[in-house]
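Beneath this line is the structure, given in structure tokens, with notes to follow.
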Amino acid sequence: PAAAASISVDGQLVARGSGANVMDDPINVVVWLANDRARRGLGLRAGEFIFTGSMTDIVWVRAGDRVESAIAGLGGVSCAFL
């Protein structure tokens, strides 16, 4: 929950957040999902991806924007929208 996240568009910081923004702790999402799937007799399978939610507010982008996102301790990613 303490992991810090950021999003920049064209070099300008536009959003910040932390893991605590995801149901107080991203692990809470995984626990909820596992319990819900188990109740339905489905479970979770090795190799499945689980997306826990967004640590920051939604950032809308336009063609031509270059976006960078980082999570402290994990790394970052960047992309350009055409």
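Following the order of the structure tokens, chains are lettered A, B, ..., residues in each are numbered from 1, and ligands are numbered from 1.
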Which of chain A end up as strand (DSSP E) when DSSP is run on this backbone - answer as a ChimeraX atom specification?
/A:4-9,12-18,66-71,75-80
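Among the candidate residues A:Gln12, A:Glu68, A:Asp24, A:Val61, the one lying nearest to Phe81 in chain A is A:Val61, with distances computed using only C-alpha atoms.
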Applying 12 Å and only C-alpha atoms, which residues near range 25-40 of chain A remain after dropping the ones on its own chain fewer than 6 positions away? List them as a ChimeraX atom specification.
/A:1-3,18-19,48-55
Identify all residues of range 5-68 of chain A in helix (DSSP H, G or I) (DSSP on the backbone) and supply them as an MDAnalysis selection string.
chainID A and resid 19:21 26:39
Could you state the separation of CA of Trp60 in chain A and CA of Ala80 in chain A in Å, given to one decimal place?
13.1 Å
Using only C-alpha atoms, which protein or nucleic acid residues come within 7 Å of Ile7 in chain A? Drop anything in the same chain fewer than 5 positions from it, and give the result as JSON, numbers by chain.
{"A": [13, 14, 15, 16, 68, 69, 70]}
Restricting to only C-alpha atoms, whichever of A:Gly76, A:Gly41, A:Gly47, A:Gly64 is closest to Ser6 in chain A is A:Gly76
Between CA of Ala20 in chain A and CA of Asp65 in chain A, what is the distance in Å, rounded to a tenth?
27.8 Å
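Counting only C-alpha atoms, Val67 in chain A has the following residues at most 8 Å away, ignoring those fewer than 5 positions along the same chain: Ile7, Ser8, Val9, Asp10, Gly11, Ser78, Cys79 and Ala80 of chain A.
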